[in-house]
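The block underneath contains the structure these notes are about, expressed in structure tokens.
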Amino acid sequence: MSNLLTDRDFWVKYWESKTDLSVVIPETYLFHRQLADIVKNNNVKTAIELGGFPGYYAVFLKKYLKLDVTLLDYFVHPPITEQLLETNNLAKDDIHIIETDLFNYTPAQQYDLVLSCGLIEHFNDTADIINRHIAFVKPGGSLFITLPNFKALNGWFQKNFDKENYDKHNIDCMDPALLEKICAAAGLEVIQSRYFGRFSLWLENEQQKSLPVRLLKKTMWLMGKLFTKVFAFDSKQLSPYILLEAKKK
């Protein structure tokens with residue numbers, strides 16, 4: 001079985017289906033507190049976002065945390081990234097771009113912070129893709145990985161109403177204990193590996209779904225938000241994300 005659950009054609013079609021990609025990235029962007037703490041506590045100066053096109057986290061790190069940032073992805077369409085930078089009052093050359101296949105690339109340098117958000121779940125061999133991240137991390141540097149938790153209610157919704165998208169994900173890797181074990185085996189100090197967030201549901205290209213599906217999604221979303229407002233805790237059953245932070249010794 002191929003390690004890759006997606007191919008270039010998938011990503012070209014995926015990004016071509018999106019509209020309004022050029023958005024203002026807020027200071028309160030998802031995972032902003034965790035990233036700010038890593039940068040502050042570890043004197044981070046350089047960072048690379050893997051698989052992050054069009055570069056939302058790269059923009060966040062440059063715009064608010066003033067890092068020297070690189071974006072690496074298998075597919076990069078420069079006009080989209082350039083427009084995103086302009087929308088966020090950044091110059092075209094404020095982010096370094098590397099368009100390459102991660103599996104055929106040897107890092108030219110290492111970074112204080114290596115992150116990916118929504119990447120590792122598209123590969124069958126979780127240890128292999130995480131170790132490819134680690135190759136970019138400086139000694140003493142930090143690794144920060146997030147991925148969706150499709151073992152939660154959100155995953156049930158994806159499986160039943162967007163099976164095509166669900167099948168592009170490695171569900172087995174959505175396990176904090178597994179991610180911690182892989183990093184520990186690679187010699188990293190695991191700072192945290194846990195479920196993250198109270199509750200959320202989403203659908204890719206939601207407006208293309210049928211009205212009953214959209215109404216069901218809205219109803220479940222409202223019920224879940226109300227429930228987790230009263231019972232506020234992270235959990236395998238409801239949390240939409242998994243978060244991994246580790247440090248290279």
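In the structure tokens, chains take the letters A, B, ... in the order shown, each chain's residues start at 1, and ligands count up from 1 in the order shown.
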| Long-range neighbours of segment 75-92 of chain A as a ChimeraX atom specification, 8 Å cut-off, only C-alpha atoms, 4 positions minimum in chain | /A:8,11-12,21-25,53-55,59,63,99-100
| So which residues touch Cys117 of chain A within 9 Å, counting only C-alpha atoms, skipping near sequence neighbours fewer than 3 positions away, as a list in words? |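 Those residues are Glu49, Leu50, Gly51, Gly52, Tyr57, Ile120, Phe144, Ile145, Thr146, Leu147 and Pro148 of chain A.
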| field | helix (DSSP H, G or I) per DSSP on the backbone: members of segment 5-167 of chain A, as a ChimeraX atom specification | value | /A:8-16,32-41,56-65,78-87,102-104,120-122,126-134,153-161,163-166
| message | According to DSSP computed on the backbone, where in segment 10-73 of chain A is there strand (DSSP E or B)? Give the residues as a ChimeraX atom specification. | response | /A:46-50,68-73
| Counting only C-alpha atoms, the residue of A:Leu238, A:Leu211, A:Arg33, A:Glu164 that sits nearest Phe10 of chain A |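 Once distances to Phe10 of chain A are computed over only C-alpha atoms, the minimum belongs to A:Glu164.
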| said: When you count only C-alpha atoms, which of these residues is closest to Ser142 of chain A: A:Val69, A:Ile191, A:Ala232, A:Leu179? | reply: A:Ile191
Would you write out, as a tab-separated table, a table of all residues in segment 169-237 of chain A that have an atom no more than 8 Å from an atom of segment 151-159 of chain A, listing for each the closest atom pair and the distance in Å to one decimal, considering only C-alpha atoms and ordering rows by chain and rising residue number?
residue	atom	partner	partner_atom	distance
A:Ile171	CA	A:Lys151	CA	7.1
A:Met174	CA	A:Lys151	CA	7.1
A:Ser200	CA	A:Asn154	CA	6.8
A:Leu201	CA	A:Asn154	CA	5.2
A:Trp202	CA	A:Asn154	CA	7.3
A:Leu203	CA	A:Gln158	CA	7.0
A:Lys236	CA	A:Ala152	CA	5.8
A:Gln237	CA	A:Ala152	CA	4.3
Requested write-out: C-alpha atoms of the selected residues, as a compact mmCIF listing (two decimals), in the first residue's frame:
# COMPACT_ATOMS: atom_id res chain seq x y z
CA ILE A 171 -7.89 7.32 11.10
CA MET A 174 -5.52 9.99 15.35
CA SER A 200 -16.83 21.40 16.19
CA LEU A 201 -18.22 19.95 12.96
CA TRP A 202 -17.24 20.82 9.42
CA LEU A 203 -17.75 19.73 5.84
CA LYS A 236 -11.75 11.84 22.52
CA GLN A 237 -15.50 11.81 21.82
| said: From the options A:Arg198, A:Glu206, A:Cys173, A:Lys66, which residue's atoms come nearest to Leu226 of chain A, counting only C-alpha atoms? | reply: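 Checking each candidate against Leu226 of chain A, we get A:Arg198 as the closest.
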| segment 134-137 of chain A environment, 8 Å, only C-alpha atoms, sequence neighbours closer than 4 positions dropped, as a list of chain:residue names |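 Once the adjacent positions are removed, what remains is A:Pro107, A:Gln109, A:Gln110, A:Tyr111, A:Asp112, A:Leu113, A:Val114, A:Ile130, A:Gly141, A:Ser142, A:Leu143, A:Lys248.
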| query | Pick the closest to Thr46 of chain A from A:Lys13, A:Lys138, A:His133, A:Lys229: which is it, counting only C-alpha atoms? | reply |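 Selected residue with least distance to Thr46 of chain A: A:Lys138.
Using only C-alpha atoms, the shortest contact distance between Asp162 of chain A and any of A:Arg194, A:Asn149, A:Leu115, A:Lys217 is found at A:Lys217.
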| message | Quick one: residues within 10 Å of Asp68 of chain A, only C-alpha atoms, excluding same-chain residues fewer than 6 positions away - as a PyMOL selection string? | response | chain A and resi 44-48+58+61-62+94-96+111-112
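For the residues A:Leu188, A:Leu65, A:Cys183, A:Val230, ranking by smallest atom-to-atom distance to Ile38 of chain A using only C-alpha atoms places A:Leu65 first.
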